[in-house]
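Participant: My file is query30.cif. It has mmCIF, C-alpha atoms:
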```cif
data_protein
#
loop_
_atom_site.label_atom_id
_atom_site.label_comp_id
_atom_site.auth_asym_id
_atom_site.auth_seq_id
_atom_site.Cartn_x
_atom_site.Cartn_y
_atom_site.Cartn_z
CA MET A 1 -22.28 30.66 109.39
CA TRP A 2 -21.18 27.02 109.35
CA THR A 3 -21.41 24.89 106.23
CA ASP A 4 -22.75 21.36 106.59
CA ASP A 5 -19.22 20.01 106.11
CA GLN A 6 -17.94 22.17 108.95
CA ARG A 7 -20.74 21.08 111.27
CA ALA A 8 -19.82 17.46 110.58
CA GLU A 9 -16.13 17.95 111.43
CA PRO A 10 -15.30 15.19 113.95
CA GLU A 11 -13.80 15.88 117.34
CA PRO A 12 -10.07 15.06 117.59
CA ASP A 13 -9.71 11.45 118.72
CA ARG A 14 -6.94 9.12 119.70
CA PRO A 15 -6.81 5.57 118.34
CA GLY A 16 -9.43 3.46 120.09
CA GLY A 17 -11.94 6.32 120.37
CA GLU A 18 -10.44 8.11 123.40
CA ARG A 19 -10.75 11.85 123.03
CA ARG A 20 -7.53 13.85 122.95
CA ARG A 21 -7.05 17.49 123.79
CA ALA A 22 -7.76 19.76 120.81
CA THR A 23 -4.84 21.78 119.46
CA ILE A 24 -4.55 25.14 117.76
CA HIS A 25 -4.08 23.23 114.48
CA ASP A 26 -7.50 21.56 114.91
CA VAL A 27 -9.19 24.92 115.46
CA ALA A 28 -7.40 26.51 112.49
CA ARG A 29 -8.42 23.64 110.20
CA LEU A 30 -12.08 23.73 111.28
CA ALA A 31 -12.32 27.52 111.04
CA GLY A 32 -10.39 27.66 107.74
CA VAL A 33 -7.80 30.15 109.00
CA SER A 34 -4.12 30.19 109.96
CA ARG A 35 -2.72 29.32 113.39
CA GLN A 36 -1.73 32.96 113.83
CA THR A 37 -5.33 34.04 113.27
CA VAL A 38 -6.55 31.54 115.89
CA SER A 39 -3.99 32.87 118.37
CA ARG A 40 -5.07 36.48 117.74
CA ALA A 41 -8.76 35.58 118.09
CA VAL A 42 -8.58 33.56 121.34
CA ASN A 43 -6.20 36.05 122.97
CA ASP A 44 -8.16 39.09 121.69
CA LYS A 45 -5.10 40.60 120.05
CA GLY A 46 -4.29 42.11 116.69
CA GLU A 47 -6.41 43.24 113.76
CA ILE A 48 -9.02 40.63 112.87
CA ALA A 49 -12.44 40.93 111.26
CA PRO A 50 -15.36 40.44 113.69
CA GLY A 51 -16.84 37.67 111.52
CA THR A 52 -13.53 35.80 111.41
CA ARG A 53 -13.08 36.17 115.16
CA GLU A 54 -16.55 34.74 115.82
CA ARG A 55 -15.91 31.83 113.41
CA VAL A 56 -12.67 30.99 115.23
CA LEU A 57 -14.25 31.25 118.69
CA GLN A 58 -17.15 29.04 117.61
CA ALA A 59 -14.69 26.45 116.32
CA ALA A 60 -12.81 26.62 119.62
CA ARG A 61 -16.04 26.08 121.56
CA LEU A 62 -17.06 23.17 119.34
CA LEU A 63 -13.73 21.43 119.88
CA ASP A 64 -13.49 22.46 123.56
CA TYR A 65 -10.12 24.01 122.74
CA ARG A 66 -8.08 25.13 125.78
CA PRO A 67 -5.18 27.47 124.85
CA SER A 68 -1.77 26.22 125.91
CA ARG A 69 -0.29 27.72 129.06
CA PHE A 70 2.96 28.14 127.17
CA ALA A 71 1.27 30.06 124.35
CA ARG A 72 -0.14 32.41 126.97
CA GLY A 73 3.29 32.86 128.57
CA LEU A 74 2.06 31.75 131.99
CA VAL A 75 5.05 29.57 132.87
CA GLN A 76 8.63 29.03 131.83
CA LYS A 77 9.20 26.45 129.15
CA GLY A 78 9.76 23.00 130.65
CA ALA A 79 8.02 23.70 133.96
CA VAL A 80 5.30 21.27 135.04
CA THR A 81 2.30 22.57 136.95
CA ALA A 82 -0.11 20.30 138.79
CA GLY A 83 -3.49 21.50 140.02
CA LEU A 84 -4.60 20.22 143.44
CA VAL A 85 -8.28 20.45 144.42
CA ILE A 86 -8.95 20.04 148.15
CA PRO A 87 -12.49 20.01 149.59
CA ASP A 88 -11.87 21.72 152.94
CA LEU A 89 -8.58 23.24 154.06
CA ARG A 90 -10.05 23.80 157.55
CA ASN A 91 -10.12 20.04 158.08
CA PRO A 92 -6.61 19.00 159.27
CA PHE A 93 -6.79 15.82 157.15
CA PHE A 94 -6.57 17.61 153.82
CA PRO A 95 -3.56 19.87 154.47
CA GLU A 96 -1.60 16.72 155.32
CA VAL A 97 -2.61 15.16 151.99
CA ALA A 98 -1.65 18.43 150.30
CA ALA A 99 1.73 18.35 152.08
CA GLY A 100 2.39 14.94 150.54
CA VAL A 101 1.55 16.26 147.08
CA LEU A 102 3.73 19.36 147.54
CA GLU A 103 6.70 17.36 148.84
CA ALA A 104 6.60 14.86 145.98
CA ALA A 105 6.04 17.60 143.39
CA GLU A 106 8.95 19.66 144.73
CA GLN A 107 11.25 16.65 144.45
CA ARG A 108 10.40 16.53 140.73
CA GLY A 109 10.78 20.28 140.27
CA TRP A 110 7.06 20.77 139.68
CA GLN A 111 4.80 23.64 140.67
CA VAL A 112 1.44 23.09 142.42
CA VAL A 113 -1.65 25.30 142.27
CA VAL A 114 -4.05 24.61 145.18
CA TRP A 115 -7.82 25.18 144.96
CA ASP A 116 -10.16 24.86 147.96
CA SER A 117 -13.54 23.70 146.63
CA ARG A 118 -15.23 24.15 150.06
CA MET A 119 -17.30 20.98 149.64
CA ASP A 120 -19.19 22.66 146.78
CA GLU A 121 -19.76 20.80 143.50
CA THR A 122 -20.05 24.04 141.52
CA ARG A 123 -16.64 25.15 142.79
CA GLU A 124 -15.23 21.72 141.91
CA ARG A 125 -16.32 22.21 138.31
CA GLN A 126 -14.98 25.76 138.32
CA ALA A 127 -11.66 24.38 139.51
CA LEU A 128 -11.50 22.00 136.56
CA ASP A 129 -12.45 24.77 134.11
CA VAL A 130 -9.68 27.03 135.44
CA LEU A 131 -6.99 24.39 136.00
CA SER A 132 -7.52 22.81 132.59
CA HIS A 133 -6.09 26.09 131.22
CA GLN A 134 -3.31 26.47 133.78
CA ALA A 135 -2.07 22.98 134.70
CA ASP A 136 -0.53 19.98 133.00
CA ALA A 137 -2.52 17.62 135.24
CA VAL A 138 -5.10 17.80 138.02
CA VAL A 139 -5.21 15.88 141.32
CA GLY A 140 -8.14 16.16 143.67
CA TYR A 141 -11.36 15.23 145.39
CA PHE A 142 -14.42 15.36 143.13
CA ARG A 143 -17.95 14.02 143.57
CA ASP A 144 -19.17 14.29 139.97
CA PRO A 145 -19.30 11.13 137.84
CA ASP A 146 -16.63 10.51 135.21
CA GLU A 147 -18.66 11.82 132.27
CA VAL A 148 -19.22 15.19 133.98
CA LEU A 149 -15.55 15.52 134.95
CA ALA A 150 -14.47 14.71 131.39
CA ARG A 151 -16.55 17.60 130.01
CA HIS A 152 -14.68 20.08 132.21
CA LEU A 153 -11.17 18.64 131.80
CA GLY A 154 -10.38 19.50 128.21
CA GLY A 155 -8.12 16.44 127.94
CA VAL A 156 -5.88 17.28 130.93
CA PRO A 157 -4.79 14.15 132.87
CA LEU A 158 -6.76 13.66 136.09
CA VAL A 159 -5.94 11.69 139.25
CA LEU A 160 -8.85 11.26 141.67
CA LEU A 161 -8.22 11.05 145.39
CA GLU A 162 -10.15 8.47 147.44
CA ARG A 163 -12.09 6.90 144.58
CA GLY A 164 -12.21 3.12 144.67
CA PRO A 165 -10.47 1.07 141.95
CA HIS A 166 -13.80 0.17 140.29
CA GLN A 167 -15.47 3.56 140.72
CA THR A 168 -13.73 5.51 137.94
CA ARG A 169 -12.03 5.19 134.58
CA PHE A 170 -9.55 7.89 135.58
CA ALA A 171 -6.35 7.18 137.48
CA ALA A 172 -7.05 7.15 141.21
CA VAL A 173 -5.49 6.82 144.64
CA GLY A 174 -7.71 5.42 147.36
CA THR A 175 -8.06 4.34 150.96
CA ASP A 176 -8.82 0.69 151.66
CA ALA A 177 -11.79 1.64 153.81
CA ALA A 178 -13.19 -1.89 154.02
CA THR A 179 -10.05 -3.31 155.62
CA GLY A 180 -9.76 -0.37 157.99
CA VAL A 181 -13.38 -0.48 159.12
CA GLU A 182 -13.19 -4.23 159.59
CA GLN A 183 -10.25 -3.75 161.97
CA GLY A 184 -12.11 -1.08 163.93
CA VAL A 185 -15.46 -2.87 164.29
CA ARG A 186 -13.71 -6.11 165.25
CA HIS A 187 -11.81 -4.21 167.93
CA LEU A 188 -15.08 -2.87 169.39
CA HIS A 189 -16.67 -6.33 169.17
CA ARG A 190 -13.74 -7.95 171.01
CA ALA A 191 -14.15 -5.31 173.72
CA GLY A 192 -17.68 -6.65 174.30
CA HIS A 193 -19.76 -4.12 172.35
CA ARG A 194 -22.83 -5.39 170.50
CA ARG A 195 -24.80 -2.15 170.01
CA ILE A 196 -22.53 -0.06 167.82
CA GLY A 197 -23.64 3.07 165.99
CA MET A 198 -22.02 5.04 163.19
CA LEU A 199 -21.82 8.79 162.64
CA ASP A 200 -21.46 9.10 158.88
CA GLY A 201 -20.23 12.09 156.86
CA ALA A 202 -22.60 14.24 154.84
CA HIS A 203 -20.44 14.19 151.69
CA GLY A 204 -18.10 11.31 152.44
CA PRO A 205 -17.25 8.25 150.40
CA GLU A 206 -19.98 5.62 150.82
CA PRO A 207 -17.50 2.72 151.28
CA ARG A 208 -17.09 3.50 155.00
CA ARG A 209 -20.82 3.18 155.70
CA ARG A 210 -21.11 0.09 153.51
CA ALA A 211 -18.10 -1.56 155.15
CA PHE A 212 -19.46 -0.77 158.62
CA LEU A 213 -22.84 -2.40 157.91
CA GLU A 214 -21.27 -5.41 156.17
CA GLN A 215 -18.91 -6.05 159.07
CA ALA A 216 -21.74 -5.66 161.60
CA ARG A 217 -23.73 -8.29 159.69
CA ARG A 218 -20.78 -10.66 159.57
CA LEU A 219 -20.43 -10.40 163.33
CA GLY A 220 -24.14 -10.94 163.87
CA LEU A 221 -24.69 -7.52 165.47
CA PRO A 222 -28.24 -6.10 165.72
CA VAL A 223 -27.19 -3.14 163.59
CA ASP A 224 -28.89 -1.76 160.46
CA GLU A 225 -29.30 1.59 158.67
CA GLY A 226 -31.19 2.86 161.71
CA TRP A 227 -27.93 2.79 163.65
CA VAL A 228 -26.26 5.12 161.13
CA VAL A 229 -26.72 8.88 161.53
CA THR A 230 -25.55 11.34 158.86
CA CYS A 231 -23.82 14.34 160.41
CA PRO A 232 -24.58 17.77 158.93
CA GLU A 233 -20.88 18.52 158.37
CA HIS A 234 -17.45 16.91 158.72
CA SER A 235 -16.51 18.77 161.88
CA VAL A 236 -16.56 18.60 165.68
CA ALA A 237 -19.87 20.48 165.62
CA GLY A 238 -21.21 18.03 163.06
CA GLY A 239 -20.22 15.14 165.31
CA GLU A 240 -21.92 16.76 168.28
CA ALA A 241 -25.17 17.16 166.35
CA GLY A 242 -25.00 13.63 164.98
CA MET A 243 -24.39 12.15 168.42
CA GLU A 244 -27.38 14.02 169.85
CA ARG A 245 -29.58 12.31 167.28
CA LEU A 246 -27.99 8.88 167.76
CA LEU A 247 -28.50 9.04 171.54
CA ARG A 248 -32.10 10.09 170.96
CA ASP A 249 -32.84 7.32 168.44
CA ARG A 250 -30.63 4.57 169.93
CA PRO A 251 -30.09 5.35 173.64
CA GLU A 252 -28.91 1.75 174.16
CA VAL A 253 -25.77 2.39 172.05
CA THR A 254 -22.48 1.45 173.82
CA ALA A 255 -19.97 2.26 171.07
CA VAL A 256 -19.81 4.63 168.12
CA PHE A 257 -17.68 4.73 164.98
CA GLY A 258 -17.10 8.23 163.58
CA PHE A 259 -16.65 8.84 159.86
CA ASN A 260 -13.58 10.90 160.74
CA ASP A 261 -11.69 12.01 163.84
CA LEU A 262 -13.38 15.41 164.04
CA ILE A 263 -16.82 13.79 164.12
CA ALA A 264 -15.58 11.30 166.73
CA VAL A 265 -14.32 14.11 168.98
CA GLY A 266 -17.72 15.79 168.66
CA ALA A 267 -19.36 12.52 169.71
CA MET A 268 -17.19 12.45 172.85
CA ARG A 269 -18.21 16.01 173.75
CA THR A 270 -21.92 15.22 173.41
CA ALA A 271 -21.57 11.98 175.38
CA ARG A 272 -20.02 13.88 178.28
CA ARG A 273 -22.83 16.45 178.23
CA HIS A 274 -25.27 13.57 178.58
CA GLY A 275 -23.39 12.19 181.57
CA ARG A 276 -21.81 9.30 179.67
CA SER A 277 -18.20 8.54 180.49
CA VAL A 278 -15.83 7.62 177.66
CA PRO A 279 -14.93 4.78 177.45
CA ARG A 280 -16.78 3.32 180.47
CA ASP A 281 -20.29 4.10 179.16
CA LEU A 282 -19.50 4.74 175.51
CA ALA A 283 -16.50 3.68 173.40
CA VAL A 284 -15.57 6.05 170.57
CA LEU A 285 -13.58 5.16 167.43
CA GLY A 286 -12.41 7.64 164.81
CA PHE A 287 -11.03 7.40 161.26
CA ASP A 288 -8.13 9.42 159.78
CA GLY A 289 -5.44 9.47 162.48
CA LEU A 290 -5.19 13.21 163.06
CA SER A 291 -2.67 14.47 165.63
CA LEU A 292 -5.70 16.03 167.34
CA GLY A 293 -6.66 12.56 168.56
CA GLU A 294 -3.64 12.43 170.85
CA LEU A 295 -4.50 15.78 172.45
CA VAL A 296 -8.11 15.16 173.51
CA GLU A 297 -9.03 13.46 176.78
CA PRO A 298 -9.35 10.52 176.63
CA ALA A 299 -7.02 10.05 173.68
CA LEU A 300 -8.94 8.89 170.61
CA THR A 301 -8.69 5.37 169.21
CA THR A 302 -8.56 5.78 165.44
CA LEU A 303 -7.91 4.18 162.08
CA HIS A 304 -4.77 6.01 160.99
CA ILE A 305 -4.24 6.87 157.32
CA ASP A 306 -0.79 7.81 156.06
CA LYS A 307 -2.06 11.01 154.48
CA ARG A 308 1.26 12.17 153.10
CA ARG A 309 1.71 8.83 151.35
CA LEU A 310 -1.72 9.35 149.77
CA GLY A 311 -0.47 12.64 148.33
CA ARG A 312 2.84 11.13 147.18
CA LEU A 313 1.03 8.30 145.40
CA ALA A 314 -1.12 10.85 143.57
CA VAL A 315 1.99 12.57 142.21
CA GLU A 316 3.39 9.19 141.16
CA GLN A 317 0.17 8.62 139.20
CA VAL A 318 0.58 11.98 137.46
CA ALA A 319 4.18 11.14 136.55
CA ARG A 320 3.09 7.82 135.06
CA LEU A 321 0.34 9.42 132.99
CA ARG A 322 2.73 12.08 131.67
CA ALA A 323 5.21 9.38 130.71
CA GLY A 324 2.53 7.43 128.83
CA GLU A 325 2.66 4.57 131.33
CA GLU A 326 -0.21 2.66 132.90
CA PRO A 327 -1.28 4.15 136.25
CA LEU A 328 -0.94 2.19 139.46
CA ARG A 329 -3.99 0.04 140.17
CA GLY A 330 -5.28 -2.25 142.90
CA PRO A 331 -3.41 -2.46 146.21
CA ASP A 332 -0.48 -0.48 144.76
CA ALA A 333 -2.76 2.56 144.57
CA TRP A 334 -4.34 2.12 148.02
CA VAL A 335 -3.41 3.27 151.48
CA THR A 336 -4.57 0.83 154.17
CA PRO A 337 -5.60 2.33 157.54
CA GLU A 338 -3.86 1.10 160.68
CA LEU A 339 -5.76 0.66 163.95
CA LEU A 340 -4.26 2.82 166.72
CA VAL A 341 -5.77 1.79 170.07
CA ARG A 342 -5.90 4.57 172.64
CA ALA A 343 -7.97 5.34 175.72
CA SER A 344 -11.35 6.13 174.09
CA THR A 345 -12.15 2.43 173.58
#
```
What do you get writing this file as structure tokens?
Facilitator:
Amino acid sequence: MWTDDQRAEPEPDRPGGERRRATIHDVARLAGVSRQTVSRAVNDKGEIAPGTRERVLQAARLLDYRPSRFARGLVQKGAVTAGLVIPDLRNPFFPEVAAGVLEAAEQRGWQVVVWDSRMDETRERQALDVLSHQADAVVGYFRDPDEVLARHLGGVPLVLLERGPHQTRFAAVGTDAATGVEQGVRHLHRAGHRRIGMLDGAHGPEPRRRAFLEQARRLGLPVDEGWVVTCPEHSVAGGEAGMERLLRDRPEVTAVFGFNDLIAVGAMRTARRHGRSVPRDLAVLGFDGLSLGELVEPALTTLHIDKRRLGRLAVEQVARLRAGEEPLRGPDAWVTPELLVRAST
């Protein structure tokens, strides 16, 4: 049982109120035992009374104590392990981001553990729970708000991929979606298009939709939320389904902006099935800059993101956090898309 004094034991804090990662010393002090006893209890080793073991484990739970990787003998002393959480390894975009992380980590002599969350929030949280025990820092795509992520981190440094500079208190690396979308919509407008639709992603960052509608308003286009269709998945099939709905709801559409290149390719396939020639009857614009866009017919106009640079910037953020330095912020932490004009527009 806990005494009142033990219940009131504060969580370990850094100056300024920021929570730090609990140590074995904190658990030993709260449970009133030695560090060796804590180690035996959390690793289920050695002779220890059941009541003492339970008291130690309860103290560990209260402090959200995560045993050190080194104490568990998981890695060689001095090695740095970064956890990388990717939402969908079947999407060619994310392996390229991962390649950037792996290249930059290898240059520093680091190891990388990759976790595919499969666009599932439960798996994202599981990834944090596991990697907080196994990694020195975590990089990845997460949809939960900061306070939820913090509960699963256990004090491990986190770098979020494609979160805007004002969307998180954690270090982040983002895509300047607003600038990219502005380039793309202006390109379609200059080509004479006034009825432009958007095929949005089911779980994508909202900035692309917001930037699309804001730019349409600035150009005086008759476009509102009714011209935006959410695709069921971030894939060619998702783009096909989304385009079917857009053509049904807005048959007068002459151009479409896809949330990503896969969705845009799906839109082209559906347009052809409906007897619409690309780009004569329908212009199609993608976002991501996948090599796939050069292989389809007609070749896809897209907003190209330097995906490997995105991954390298994430590793730079980790290095800064580990060194106690301020993370990159603002334009230094963004990747700006570049308009690549091809035959689809």
Participant: Using the chain letters and numbers from the file, give me the residues hit by the PyMOL selection byres ((chain A and resi 336) around 6), as a PyMOL selection string.
Facilitator: chain A and resi 175-176+335+337
Participant: Check which residues satisfy the PyMOL selection byres ((chain A and resi 155-172) around 8) in the file shown, then give them as an MDAnalysis selection string.
Facilitator: chainID A and resid 19:22 132 135:142 145:146 150 153:154 173:175 205 314 317:318 321:322 327:330 333
Participant: Rank nothing, just name the residue among A:Asp64, A:Gly311, A:Gly226, A:Cys231 nearest to Asp249 of chain A, using all atoms listed in the file.
Facilitator: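 Checking each candidate against Asp249 of chain A, we get A:Gly226 as the closest.
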Participant: Could you tell me, as a PyMOL selection string, exactly which residues end up selected when the PyMOL selection byres ((chain A and resi 257) around 6) is applied to this structure?
Facilitator: chain A and resi 198+256+258+285
Participant: Generate the output file for the selected residues, C-alpha atoms, as a CSV table (one decimal), keeping the file's coordinate frame.
Facilitator:
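Once written, result.csv looks like this:
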```csv
chain,number,residue,atom,x,y,z
A,198,MET,CA,-22.0,5.0,163.2
A,256,VAL,CA,-19.8,4.6,168.1
A,258,GLY,CA,-17.1,8.2,163.6
A,285,LEU,CA,-13.6,5.2,167.4
```
Participant: Calculated over all atoms listed in the file, which of the candidates A:Ala105, A:Val42, A:Leu89, A:Val284 has the smallest distance to Leu188 of chain A?
Facilitator: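 Checking each of A:Ala105, A:Val42, A:Leu89, A:Val284 against Leu188 of chain A, counting all atoms listed in the file, the winner is A:Val284.
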Participant: Taking into account only C-alpha atoms, which residue in the set A:Val114, A:Ile196, A:Leu84, A:Ala49 is nearest to Leu221 of chain A?
Facilitator: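 Using only C-alpha atoms, the shortest distance to Leu221 of chain A belongs to A:Ile196.
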Participant: Go through A:Met243, A:Arg29, A:Asn260, A:Leu292 one by one, measure the shortest atom-to-atom distance of each to Arg273 of chain A using all atoms listed in the file, and give the residue with the smallest value.
Facilitator: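 Answer, going by the shortest atom-to-atom distance: A:Met243.
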Participant: How would segment 84-94 of chain A read, as a compact mmCIF listing (two decimals), keeping the file's coordinate frame, once all heavy atoms are built in?
Facilitator:
```txt
# COMPACT_ATOMS: atom_id res chain seq x y z
N LEU A 84 -4.16 21.05 142.31
CA LEU A 84 -4.60 20.22 143.44
C LEU A 84 -5.90 20.80 143.98
O LEU A 84 -5.95 21.95 144.42
CB LEU A 84 -3.54 20.21 144.54
CG LEU A 84 -3.92 19.51 145.85
CD1 LEU A 84 -4.22 18.04 145.63
CD2 LEU A 84 -2.80 19.67 146.89
N VAL A 85 -6.97 20.01 143.95
CA VAL A 85 -8.28 20.45 144.42
C VAL A 85 -8.61 19.74 145.73
O VAL A 85 -8.73 18.52 145.78
CB VAL A 85 -9.37 20.16 143.37
CG1 VAL A 85 -10.74 20.64 143.86
CG2 VAL A 85 -9.02 20.84 142.05
N ILE A 86 -8.71 20.54 146.79
CA ILE A 86 -8.95 20.04 148.15
C ILE A 86 -10.33 20.49 148.59
O ILE A 86 -10.70 21.64 148.39
CB ILE A 86 -7.86 20.60 149.10
CG1 ILE A 86 -6.49 20.03 148.73
CG2 ILE A 86 -8.19 20.28 150.55
CD1 ILE A 86 -6.34 18.55 148.92
N PRO A 87 -11.12 19.63 149.25
CA PRO A 87 -12.49 20.01 149.59
C PRO A 87 -12.64 20.93 150.79
O PRO A 87 -13.62 21.66 150.89
CB PRO A 87 -13.19 18.67 149.85
CG PRO A 87 -12.10 17.75 150.24
CD PRO A 87 -10.88 18.19 149.48
N ASP A 88 -11.68 20.92 151.73
CA ASP A 88 -11.87 21.72 152.94
C ASP A 88 -10.53 21.89 153.65
O ASP A 88 -10.10 21.01 154.40
CB ASP A 88 -12.87 21.05 153.87
CG ASP A 88 -13.22 21.90 155.09
OD1 ASP A 88 -12.72 23.04 155.18
OD2 ASP A 88 -13.98 21.44 155.95
N LEU A 89 -9.89 23.01 153.45
CA LEU A 89 -8.58 23.24 154.06
C LEU A 89 -8.67 23.48 155.56
O LEU A 89 -7.65 23.49 156.26
CB LEU A 89 -7.87 24.42 153.38
CG LEU A 89 -7.33 24.13 151.97
CD1 LEU A 89 -6.82 25.40 151.32
CD2 LEU A 89 -6.23 23.08 152.02
N ARG A 90 -9.88 23.66 156.09
CA ARG A 90 -10.05 23.80 157.55
C ARG A 90 -9.98 22.45 158.26
O ARG A 90 -9.72 22.40 159.46
CB ARG A 90 -11.39 24.48 157.86
CG ARG A 90 -11.54 25.88 157.31
CD ARG A 90 -12.97 26.34 157.42
NE ARG A 90 -13.87 25.43 156.69
CZ ARG A 90 -15.20 25.51 156.71
NH1 ARG A 90 -15.78 26.47 157.40
NH2 ARG A 90 -15.93 24.66 156.02
N ASN A 91 -10.21 21.38 157.52
CA ASN A 91 -10.12 20.04 158.08
C ASN A 91 -8.65 19.62 158.07
O ASN A 91 -8.04 19.55 157.00
CB ASN A 91 -10.97 19.08 157.24
CG ASN A 91 -11.01 17.66 157.80
OD1 ASN A 91 -10.07 17.20 158.43
ND2 ASN A 91 -12.11 16.97 157.56
N PRO A 92 -8.05 19.30 159.23
CA PRO A 92 -6.61 19.00 159.27
C PRO A 92 -6.19 17.83 158.40
O PRO A 92 -5.01 17.69 158.07
CB PRO A 92 -6.35 18.68 160.76
CG PRO A 92 -7.48 19.32 161.50
CD PRO A 92 -8.67 19.27 160.58
N PHE A 93 -7.13 16.97 158.00
CA PHE A 93 -6.79 15.82 157.15
C PHE A 93 -6.23 16.29 155.81
O PHE A 93 -5.21 15.78 155.33
CB PHE A 93 -8.04 14.96 156.93
CG PHE A 93 -7.82 13.76 156.05
CD1 PHE A 93 -7.43 12.55 156.59
CD2 PHE A 93 -8.01 13.83 154.67
CE1 PHE A 93 -7.23 11.44 155.79
CE2 PHE A 93 -7.82 12.73 153.86
CZ PHE A 93 -7.43 11.53 154.42
N PHE A 94 -6.91 17.26 155.19
CA PHE A 94 -6.57 17.61 153.82
C PHE A 94 -5.26 18.38 153.67
O PHE A 94 -4.53 18.16 152.69
CB PHE A 94 -7.75 18.36 153.19
CG PHE A 94 -8.99 17.52 153.11
CD1 PHE A 94 -10.10 17.83 153.87
CD2 PHE A 94 -9.04 16.39 152.30
CE1 PHE A 94 -11.25 17.05 153.82
CE2 PHE A 94 -10.18 15.60 152.24
CZ PHE A 94 -11.28 15.93 153.01
```
